[in-house]
>>> print(open('my_file_3.cif').read())   # mmCIF, C-alpha atoms
data_coords
#
loop_
_atom_site.label_atom_id
_atom_site.label_comp_id
_atom_site.auth_asym_id
_atom_site.auth_seq_id
_atom_site.Cartn_x
_atom_site.Cartn_y
_atom_site.Cartn_z
CA THR A 1 21.62 -9.40 -17.83
CA ILE A 2 21.62 -9.28 -21.63
CA LYS A 3 25.41 -9.13 -21.67
CA ASN A 4 25.74 -12.24 -19.52
CA ALA A 5 23.24 -14.07 -21.71
CA GLN A 6 25.23 -13.12 -24.81
CA LEU A 7 28.44 -14.31 -23.18
CA GLN A 8 26.84 -17.63 -22.26
CA GLN A 9 25.55 -18.05 -25.81
CA ALA A 10 28.99 -17.27 -27.26
CA LYS A 11 30.57 -19.75 -24.85
CA ALA A 12 28.08 -22.46 -25.84
CA GLU A 13 28.70 -21.80 -29.54
CA ALA A 14 32.47 -21.95 -29.03
CA GLU A 15 32.14 -25.23 -27.12
CA LEU A 16 29.95 -26.69 -29.87
CA ILE A 17 32.46 -25.71 -32.56
CA ALA A 18 35.31 -27.24 -30.55
CA LEU A 19 33.39 -30.47 -30.05
CA LYS A 20 32.47 -30.72 -33.74
CA ASN A 21 36.10 -30.20 -34.69
CA GLN A 22 37.06 -33.21 -32.56
CA VAL A 23 34.89 -35.59 -34.58
CA ASP A 24 37.18 -35.65 -37.63
CA PRO A 25 40.31 -37.14 -35.98
CA HIS A 26 38.17 -39.76 -34.27
CA PHE A 27 36.54 -40.72 -37.56
CA MET A 28 39.83 -40.78 -39.46
CA PHE A 29 41.56 -42.84 -36.77
CA ASN A 30 39.02 -45.65 -37.10
CA SER A 31 38.77 -45.39 -40.90
CA LEU A 32 42.52 -45.62 -41.38
CA ASN A 33 42.61 -48.72 -39.19
CA THR A 34 40.05 -50.31 -41.49
CA LEU A 35 41.92 -49.21 -44.62
CA SER A 36 45.14 -50.67 -43.22
CA TYR A 37 43.36 -53.99 -42.71
CA LEU A 38 41.98 -54.00 -46.27
CA VAL A 39 45.29 -53.07 -47.88
CA LYS A 40 46.79 -56.21 -46.36
CA SER A 41 43.85 -58.49 -47.11
CA ASP A 42 42.12 -57.29 -50.31
CA ALA A 43 43.62 -54.56 -52.52
CA ARG A 44 40.48 -54.22 -54.66
CA LYS A 45 38.27 -53.66 -51.62
CA ALA A 46 40.84 -51.21 -50.29
CA LEU A 47 40.49 -49.11 -53.46
CA THR A 48 36.69 -49.13 -53.25
CA PHE A 49 36.89 -48.26 -49.58
CA THR A 50 39.17 -45.29 -50.31
CA GLU A 51 36.78 -43.94 -52.96
CA ASN A 52 33.75 -44.32 -50.69
CA LEU A 53 35.64 -42.84 -47.77
CA ALA A 54 36.14 -39.65 -49.77
CA ASP A 55 32.35 -39.34 -50.18
CA VAL A 56 31.80 -39.87 -46.48
CA TYR A 57 34.44 -37.34 -45.49
CA ARG A 58 32.93 -34.82 -47.93
CA TYR A 59 29.63 -35.12 -46.06
CA ILE A 60 31.34 -34.45 -42.73
CA LEU A 61 32.97 -31.30 -44.10
CA MET A 62 29.67 -30.07 -45.59
CA GLN A 63 27.82 -30.47 -42.28
CA LYS A 64 30.47 -28.89 -40.04
CA ASP A 65 28.67 -25.54 -39.80
CA TYR A 66 25.36 -27.01 -38.68
CA SER A 67 24.26 -27.79 -35.13
CA LEU A 68 21.27 -29.82 -36.34
CA ILE A 69 20.44 -31.51 -39.63
CA LEU A 70 17.60 -33.64 -40.95
CA LEU A 71 17.63 -37.14 -39.50
CA GLU A 72 16.87 -38.35 -43.03
CA ASP A 73 20.17 -36.88 -44.29
CA GLU A 74 22.10 -38.32 -41.35
CA LEU A 75 20.66 -41.79 -41.96
CA GLU A 76 21.50 -41.62 -45.67
CA PHE A 77 25.06 -40.73 -44.70
CA THR A 78 25.11 -43.58 -42.20
CA GLU A 79 24.07 -45.97 -44.98
CA ARG A 80 27.21 -44.97 -46.88
CA TYR A 81 29.28 -45.49 -43.76
CA ILE A 82 27.71 -48.92 -43.20
CA ALA A 83 28.61 -49.76 -46.79
CA LEU A 84 32.24 -49.13 -45.84
CA LEU A 85 31.86 -51.48 -42.89
CA TYR A 86 30.38 -54.17 -45.14
CA LEU A 87 33.52 -53.98 -47.28
CA ARG A 88 35.51 -55.11 -44.29
CA PHE A 89 33.11 -57.38 -42.42
CA GLY A 90 30.68 -58.66 -45.06
CA GLN A 91 27.95 -60.86 -43.60
CA ALA A 92 29.59 -60.68 -40.19
CA LEU A 93 27.79 -57.33 -39.72
CA VAL A 94 23.98 -57.50 -39.51
CA VAL A 95 21.98 -54.25 -39.42
CA HIS A 96 18.18 -54.05 -39.05
CA LYS A 97 16.05 -50.89 -39.10
CA HIS A 98 12.63 -50.96 -37.45
CA PHE A 99 10.98 -47.73 -38.56
CA ALA A 100 9.06 -46.41 -41.55
CA ASP A 101 10.77 -44.14 -44.07
CA THR A 102 8.25 -41.40 -43.19
CA GLU A 103 9.67 -41.22 -39.66
CA LYS A 104 13.06 -40.07 -40.94
CA SER A 105 11.71 -36.75 -42.23
CA LYS A 106 10.12 -35.69 -38.93
CA TYR A 107 13.25 -35.06 -36.87
CA LEU A 108 16.57 -33.26 -36.60
CA THR A 109 19.79 -34.54 -35.05
CA PRO A 110 23.39 -33.32 -34.68
CA PRO A 111 25.48 -34.27 -37.74
CA THR A 112 27.51 -37.51 -37.62
CA SER A 113 25.57 -38.62 -34.53
CA VAL A 114 24.27 -41.95 -35.79
CA PHE A 115 27.53 -43.06 -37.37
CA ILE A 116 29.44 -42.37 -34.16
CA ALA A 117 27.16 -44.85 -32.39
CA PHE A 118 28.04 -47.39 -35.08
CA GLU A 119 31.74 -46.62 -34.71
CA ASN A 120 31.48 -47.31 -31.01
CA ALA A 121 29.86 -50.70 -31.61
CA VAL A 122 32.44 -51.75 -34.20
CA LYS A 123 35.38 -50.56 -32.14
CA HIS A 124 34.52 -52.44 -28.98
CA ASN A 125 33.13 -55.73 -30.26
CA GLU A 126 34.42 -58.89 -31.91
CA ILE A 127 33.04 -59.21 -35.46
CA SER A 128 33.44 -62.43 -37.41
CA GLU A 129 31.37 -64.95 -39.35
CA GLN A 130 31.39 -67.09 -36.21
CA MET A 131 30.33 -64.08 -34.10
CA PRO A 132 28.34 -61.63 -36.28
CA LEU A 133 27.66 -58.23 -34.75
CA LYS A 134 23.94 -57.44 -34.75
CA VAL A 135 22.79 -53.81 -34.72
CA GLU A 136 19.12 -52.80 -34.39
CA MET A 137 17.70 -49.28 -34.90
CA GLU A 138 14.25 -48.00 -33.99
CA ILE A 139 12.52 -44.65 -33.59
CA THR A 140 10.16 -44.29 -30.63
CA ASP A 141 9.04 -41.46 -28.32
CA ASN A 142 11.15 -38.85 -30.18
CA GLN A 143 14.26 -41.00 -29.75
CA LEU A 144 16.48 -43.03 -32.04
CA ILE A 145 17.51 -46.19 -30.21
CA ILE A 146 20.54 -48.14 -31.45
CA ARG A 147 21.19 -51.56 -29.91
CA ASN A 148 24.13 -53.85 -30.55
CA SER A 149 25.00 -57.29 -29.26
CA ILE A 150 27.89 -57.37 -26.82
CA GLN A 151 30.85 -59.57 -27.75
CA LYS A 152 33.83 -57.71 -26.39
CA LYS A 153 37.21 -57.92 -28.05
CA GLY A 154 40.08 -59.51 -26.19
CA ASN A 155 42.22 -56.45 -26.94
CA VAL A 156 40.27 -53.26 -27.58
CA GLN A 157 42.03 -50.99 -30.08
CA ASP A 158 43.44 -47.67 -28.99
CA SER A 159 41.00 -44.77 -29.13
CA SER A 160 41.14 -41.01 -29.12
CA LYS A 161 38.62 -41.26 -26.23
CA ILE A 162 36.10 -38.88 -27.75
CA GLY A 163 33.28 -41.10 -29.00
CA LEU A 164 30.07 -41.14 -27.02
CA LYS A 165 31.22 -38.57 -24.45
CA ASN A 166 31.77 -36.04 -27.22
CA LEU A 167 28.44 -36.98 -28.78
CA SER A 168 26.57 -36.48 -25.52
CA GLU A 169 28.10 -33.02 -25.05
CA ARG A 170 27.09 -32.05 -28.59
CA PHE A 171 23.52 -33.19 -27.96
CA LYS A 172 23.31 -31.18 -24.73
CA LEU A 173 24.51 -28.04 -26.49
CA ALA A 174 22.36 -28.49 -29.60
CA THR A 175 19.14 -29.89 -28.11
CA GLY A 176 19.44 -29.43 -24.34
CA LYS A 177 19.38 -33.21 -23.77
CA PRO A 178 22.27 -35.67 -23.43
CA ILE A 179 22.32 -39.12 -25.00
CA GLU A 180 21.87 -42.23 -22.88
CA ALA A 181 24.21 -45.21 -23.05
CA THR A 182 23.20 -48.31 -21.10
CA GLN A 183 24.34 -51.90 -20.97
CA THR A 184 22.32 -55.03 -20.26
CA GLU A 185 23.62 -58.57 -19.99
CA GLY A 186 23.69 -59.02 -23.75
CA GLU A 187 23.17 -55.59 -25.34
CA PHE A 188 24.69 -52.12 -25.46
CA ILE A 189 22.03 -49.45 -26.06
CA VAL A 190 22.56 -45.87 -27.22
CA THR A 191 19.51 -43.58 -27.08
CA LEU A 192 19.69 -40.36 -29.12
CA PRO A 193 17.08 -37.68 -28.25
CA LEU A 194 15.65 -36.42 -31.55
CA ALA A 195 14.49 -32.85 -32.13
CA PRO A 196 11.01 -32.70 -33.74
CA LEU A 197 11.36 -30.72 -36.96
CA GLY A 198 8.50 -28.33 -36.22
CA ASN A 199 10.12 -27.12 -32.98
CA TYR A 200 13.45 -26.19 -34.60
CA GLU A 201 12.67 -25.49 -38.24
CA SER A 202 13.24 -21.73 -38.00
CA ASN A 203 16.32 -22.07 -35.79
CA ILE A 204 18.56 -24.35 -37.86
CA ASP A 205 22.00 -22.76 -38.31
#
>>> encode(input="my_file_3.cif", output="structure tokens")
Amino acid sequence: TIKNAQLQQAKAEAELIALKNQVDPHFMFNSLNTLSYLVKSDARKALTFTENLADVYRYILMQKDYSLILLEDELEFTERYIALLYLRFGQALVVHKHFADTEKSKYLTPPTSVFIAFENAVKHNEISEQMPLKVEMEITDNQLIIRNSIQKKGNVQDSSKIGLKNLSERFKLATGKPIEATQTEGEFIVTLPLAPLGNYESNID
């Protein structure tokens, strides 16, 4: 019935809001760990990190009311987030993008989706000049594929246990498709199903 359909839609919207609200603590948990490290090791970098972190957090707040945003905007945000990671890891973090700039404007994605995949890679892997973490990104078959080398930490930091599970639930609610996370002998691969802009353009919140 129409009433049941409306109830299901309201339930899905409530679930999506709850899931989006969980992203902030997860992001802040990892960011504060990084800031704590920089305060002890390099006060000047810590100040720059704090200033850039404010810009990143502002983006998260601005996108909270949207289920889907332009992939181009999400990737620009992710660039700012990667800049924060470079402050801590320098050349020990290696990121390569294998897609044309024109591809970025063709798709939509849930906000903060790409950076969460990066968070996951940084959180679980050893990163040092002796063991640089390599991250590759490509767009193919309406999917953004993010691969990182596996070099697991001896002691994985505590986590709020949201991460990729939360991200997959948000994708299912926003696009109808979950993400895929697979592991090979040497790589961890996160596949994000992208929403072609033409199919959703009139339905963006």
>>> resolve_selection(input="my_file_3.cif", expression="the PyMOL selection byres ((chain A and resi 180-193) around 8)", output="list in words")
Thr109, Ala117, Asn142, Gln143, Leu144, Ile145, Ile146, Arg147, Asn148, Ser149, Ile150, Ser168, Phe171, Lys177, Pro178, Ile179, Leu194 and Ala195 of chain A
>>> closest_residue(input="my_file_3.cif", among="A:Leu38, A:Leu93, A:Leu84, A:Ile139", to="A:Glu126", atoms="only C-alpha atoms")
A:Leu93
>>> closest_residue(input="my_file_3.cif", among="A:Ala43, A:Ile60, A:Leu75, A:Leu133", to="A:Lys20", atoms="only C-alpha atoms")
A:Ile60
>>> resolve_selection(input="my_file_3.cif", expression="the PyMOL selection byres ((chain A and resi 53) around 10)", output="list in words")
Met28, Ser31, Leu32, Leu35, Leu47, Thr48, Phe49, Thr50, Glu51, Asn52, Ala54, Asp55, Val56, Tyr57, Arg58, Tyr59, Arg80, Tyr81, Ala83 and Leu84 of chain A
>>> closest_residue(input="my_file_3.cif", among="A:Gln6, A:Thr140, A:Ser67, A:Ser41", to="A:Leu173", atoms="all atoms listed in the file")
A:Ser67
>>> resolve_selection(input="my_file_3.cif", expression="the PyMOL selection byres ((chain A and resi 125) around 6)", output="list of chain:residue names")
A:Val122, A:Lys123, A:His124, A:Glu126, A:Gln151, A:Lys152, A:Lys153
>>> atom_distance(input="my_file_3.cif", atom1="atom CA of A:Lys3", atom2="atom CA of A:Ile69")
29.1 Å
>>> closest_residue(input="my_file_3.cif", among="A:Gly163, A:Pro110, A:Pro196, A:Gly176", to="A:Pro25", atoms="all atoms listed in the file")
A:Gly163
>>> decode(input="my_file_3.cif", residues="stretch 112-153 of chain A", atoms="N, CA and C atoms", output="PDB file, in the first residue's frame")
ATOM      1  N   THR A 112      31.881  11.712   1.544  1.00  0.00           N
ATOM      2  CA  THR A 112      32.957  11.157   2.384  1.00  0.00           C
ATOM      3  C   THR A 112      33.280   9.697   2.072  1.00  0.00           C
ATOM      4  N   SER A 113      32.785   9.193   0.941  1.00  0.00           N
ATOM      5  CA  SER A 113      32.976   7.772   0.632  1.00  0.00           C
ATOM      6  C   SER A 113      34.409   7.422   0.280  1.00  0.00           C
ATOM      7  N   VAL A 114      35.050   8.257  -0.540  1.00  0.00           N
ATOM      8  CA  VAL A 114      36.409   7.938  -0.983  1.00  0.00           C
ATOM      9  C   VAL A 114      37.397   8.077   0.173  1.00  0.00           C
ATOM     10  N   PHE A 115      37.229   9.120   0.966  1.00  0.00           N
ATOM     11  CA  PHE A 115      38.191   9.326   2.055  1.00  0.00           C
ATOM     12  C   PHE A 115      38.096   8.249   3.123  1.00  0.00           C
ATOM     13  N   ILE A 116      36.915   7.656   3.307  1.00  0.00           N
ATOM     14  CA  ILE A 116      36.790   6.564   4.269  1.00  0.00           C
ATOM     15  C   ILE A 116      37.612   5.357   3.816  1.00  0.00           C
ATOM     16  N   ALA A 117      37.630   5.115   2.499  1.00  0.00           N
ATOM     17  CA  ALA A 117      38.462   4.023   1.977  1.00  0.00           C
ATOM     18  C   ALA A 117      39.942   4.293   2.251  1.00  0.00           C
ATOM     19  N   PHE A 118      40.351   5.560   2.135  1.00  0.00           N
ATOM     20  CA  PHE A 118      41.730   5.916   2.460  1.00  0.00           C
ATOM     21  C   PHE A 118      42.007   5.742   3.954  1.00  0.00           C
ATOM     22  N   GLU A 119      41.066   6.176   4.777  1.00  0.00           N
ATOM     23  CA  GLU A 119      41.214   6.000   6.226  1.00  0.00           C
ATOM     24  C   GLU A 119      41.458   4.543   6.575  1.00  0.00           C
ATOM     25  N   ASN A 120      40.684   3.671   5.940  1.00  0.00           N
ATOM     26  CA  ASN A 120      40.797   2.254   6.217  1.00  0.00           C
ATOM     27  C   ASN A 120      42.193   1.744   5.886  1.00  0.00           C
ATOM     28  N   ALA A 121      42.728   2.187   4.743  1.00  0.00           N
ATOM     29  CA  ALA A 121      44.065   1.749   4.332  1.00  0.00           C
ATOM     30  C   ALA A 121      45.129   2.240   5.304  1.00  0.00           C
ATOM     31  N   VAL A 122      45.030   3.495   5.719  1.00  0.00           N
ATOM     32  CA  VAL A 122      46.028   4.072   6.621  1.00  0.00           C
ATOM     33  C   VAL A 122      45.960   3.429   8.003  1.00  0.00           C
ATOM     34  N   LYS A 123      44.755   3.154   8.445  1.00  0.00           N
ATOM     35  CA  LYS A 123      44.561   2.625   9.796  1.00  0.00           C
ATOM     36  C   LYS A 123      45.150   1.228   9.963  1.00  0.00           C
ATOM     37  N   HIS A 124      45.060   0.424   8.918  1.00  0.00           N
ATOM     38  CA  HIS A 124      45.396  -0.989   9.068  1.00  0.00           C
ATOM     39  C   HIS A 124      46.779  -1.375   8.562  1.00  0.00           C
ATOM     40  N   ASN A 125      47.519  -0.417   7.984  1.00  0.00           N
ATOM     41  CA  ASN A 125      48.778  -0.798   7.367  1.00  0.00           C
ATOM     42  C   ASN A 125      49.977  -0.026   7.917  1.00  0.00           C
ATOM     43  N   GLU A 126      51.114  -0.688   7.941  1.00  0.00           N
ATOM     44  CA  GLU A 126      52.373  -0.058   8.300  1.00  0.00           C
ATOM     45  C   GLU A 126      52.762   0.926   7.201  1.00  0.00           C
ATOM     46  N   ILE A 127      53.153   2.145   7.595  1.00  0.00           N
ATOM     47  CA  ILE A 127      53.561   3.160   6.622  1.00  0.00           C
ATOM     48  C   ILE A 127      54.877   3.774   7.093  1.00  0.00           C
ATOM     49  N   SER A 128      55.908   3.582   6.305  1.00  0.00           N
ATOM     50  CA  SER A 128      57.227   4.126   6.649  1.00  0.00           C
ATOM     51  C   SER A 128      58.018   4.276   5.359  1.00  0.00           C
ATOM     52  N   GLU A 129      59.155   4.977   5.446  1.00  0.00           N
ATOM     53  CA  GLU A 129      59.998   5.127   4.269  1.00  0.00           C
ATOM     54  C   GLU A 129      60.520   3.769   3.804  1.00  0.00           C
ATOM     55  N   GLN A 130      60.712   2.863   4.751  1.00  0.00           N
ATOM     56  CA  GLN A 130      61.154   1.516   4.398  1.00  0.00           C
ATOM     57  C   GLN A 130      60.010   0.699   3.787  1.00  0.00           C
ATOM     58  N   MET A 131      58.766   1.019   4.211  1.00  0.00           N
ATOM     59  CA  MET A 131      57.589   0.304   3.711  1.00  0.00           C
ATOM     60  C   MET A 131      56.514   1.306   3.297  1.00  0.00           C
ATOM     61  N   PRO A 132      56.700   1.999   2.165  1.00  0.00           N
ATOM     62  CA  PRO A 132      55.696   2.974   1.726  1.00  0.00           C
ATOM     63  C   PRO A 132      54.375   2.298   1.375  1.00  0.00           C
ATOM     64  N   LEU A 133      53.288   2.965   1.737  1.00  0.00           N
ATOM     65  CA  LEU A 133      51.959   2.455   1.398  1.00  0.00           C
ATOM     66  C   LEU A 133      51.577   2.988   0.023  1.00  0.00           C
ATOM     67  N   LYS A 134      51.253   2.088  -0.890  1.00  0.00           N
ATOM     68  CA  LYS A 134      50.879   2.465  -2.250  1.00  0.00           C
ATOM     69  C   LYS A 134      49.367   2.322  -2.434  1.00  0.00           C
ATOM     70  N   VAL A 135      48.745   3.397  -2.918  1.00  0.00           N
ATOM     71  CA  VAL A 135      47.302   3.409  -3.157  1.00  0.00           C
ATOM     72  C   VAL A 135      47.055   3.766  -4.617  1.00  0.00           C
ATOM     73  N   GLU A 136      46.254   2.943  -5.297  1.00  0.00           N
ATOM     74  CA  GLU A 136      45.925   3.176  -6.708  1.00  0.00           C
ATOM     75  C   GLU A 136      44.418   3.374  -6.831  1.00  0.00           C
ATOM     76  N   MET A 137      44.013   4.346  -7.693  1.00  0.00           N
ATOM     77  CA  MET A 137      42.590   4.591  -7.934  1.00  0.00           C
ATOM     78  C   MET A 137      42.318   4.549  -9.434  1.00  0.00           C
ATOM     79  N   GLU A 138      41.223   3.889  -9.802  1.00  0.00           N
ATOM     80  CA  GLU A 138      40.810   3.885 -11.198  1.00  0.00           C
ATOM     81  C   GLU A 138      39.291   3.854 -11.294  1.00  0.00           C
ATOM     82  N   ILE A 139      38.769   4.390 -12.399  1.00  0.00           N
ATOM     83  CA  ILE A 139      37.339   4.370 -12.671  1.00  0.00           C
ATOM     84  C   ILE A 139      37.104   3.463 -13.865  1.00  0.00           C
ATOM     85  N   THR A 140      36.263   2.438 -13.673  1.00  0.00           N
ATOM     86  CA  THR A 140      35.955   1.511 -14.750  1.00  0.00           C
ATOM     87  C   THR A 140      34.593   0.871 -14.509  1.00  0.00           C
ATOM     88  N   ASP A 141      33.812   0.707 -15.570  1.00  0.00           N
ATOM     89  CA  ASP A 141      32.500   0.049 -15.486  1.00  0.00           C
ATOM     90  C   ASP A 141      31.616   0.658 -14.400  1.00  0.00           C
ATOM     91  N   ASN A 142      31.546   1.992 -14.357  1.00  0.00           N
ATOM     92  CA  ASN A 142      30.718   2.705 -13.366  1.00  0.00           C
ATOM     93  C   ASN A 142      31.127   2.378 -11.929  1.00  0.00           C
ATOM     94  N   GLN A 143      32.399   2.159 -11.724  1.00  0.00           N
ATOM     95  CA  GLN A 143      32.919   1.858 -10.387  1.00  0.00           C
ATOM     96  C   GLN A 143      34.221   2.619 -10.147  1.00  0.00           C
ATOM     97  N   LEU A 144      34.404   3.054  -8.908  1.00  0.00           N
ATOM     98  CA  LEU A 144      35.702   3.582  -8.495  1.00  0.00           C
ATOM     99  C   LEU A 144      36.393   2.495  -7.693  1.00  0.00           C
ATOM    100  N   ILE A 145      37.555   2.074  -8.169  1.00  0.00           N
ATOM    101  CA  ILE A 145      38.290   0.993  -7.531  1.00  0.00           C
ATOM    102  C   ILE A 145      39.515   1.575  -6.840  1.00  0.00           C
ATOM    103  N   ILE A 146      39.650   1.287  -5.557  1.00  0.00           N
ATOM    104  CA  ILE A 146      40.766   1.785  -4.751  1.00  0.00           C
ATOM    105  C   ILE A 146      41.535   0.583  -4.219  1.00  0.00           C
ATOM    106  N   ARG A 147      42.803   0.485  -4.596  1.00  0.00           N
ATOM    107  CA  ARG A 147      43.652  -0.634  -4.201  1.00  0.00           C
ATOM    108  C   ARG A 147      44.779  -0.120  -3.306  1.00  0.00           C
ATOM    109  N   ASN A 148      45.096  -0.850  -2.284  1.00  0.00           N
ATOM    110  CA  ASN A 148      46.276  -0.504  -1.488  1.00  0.00           C
ATOM    111  C   ASN A 148      47.087  -1.755  -1.186  1.00  0.00           C
ATOM    112  N   SER A 149      48.392  -1.576  -1.119  1.00  0.00           N
ATOM    113  CA  SER A 149      49.273  -2.678  -0.747  1.00  0.00           C
ATOM    114  C   SER A 149      48.992  -3.074   0.696  1.00  0.00           C
ATOM    115  N   ILE A 150      49.150  -4.355   0.976  1.00  0.00           N
ATOM    116  CA  ILE A 150      48.912  -4.868   2.325  1.00  0.00           C
ATOM    117  C   ILE A 150      50.236  -5.022   3.054  1.00  0.00           C
ATOM    118  N   GLN A 151      50.369  -4.312   4.161  1.00  0.00           N
ATOM    119  CA  GLN A 151      51.538  -4.443   5.042  1.00  0.00           C
ATOM    120  C   GLN A 151      51.060  -4.182   6.468  1.00  0.00           C
ATOM    121  N   LYS A 152      50.383  -5.174   6.996  1.00  0.00           N
ATOM    122  CA  LYS A 152      49.627  -5.029   8.239  1.00  0.00           C
ATOM    123  C   LYS A 152      50.503  -4.611   9.410  1.00  0.00           C
ATOM    124  N   LYS A 153      49.919  -3.750  10.241  1.00  0.00           N
ATOM    125  CA  LYS A 153      50.593  -3.301  11.453  1.00  0.00           C
ATOM    126  C   LYS A 153      50.688  -4.439  12.455  1.00  0.00           C
TER     127      LYS A 153
END
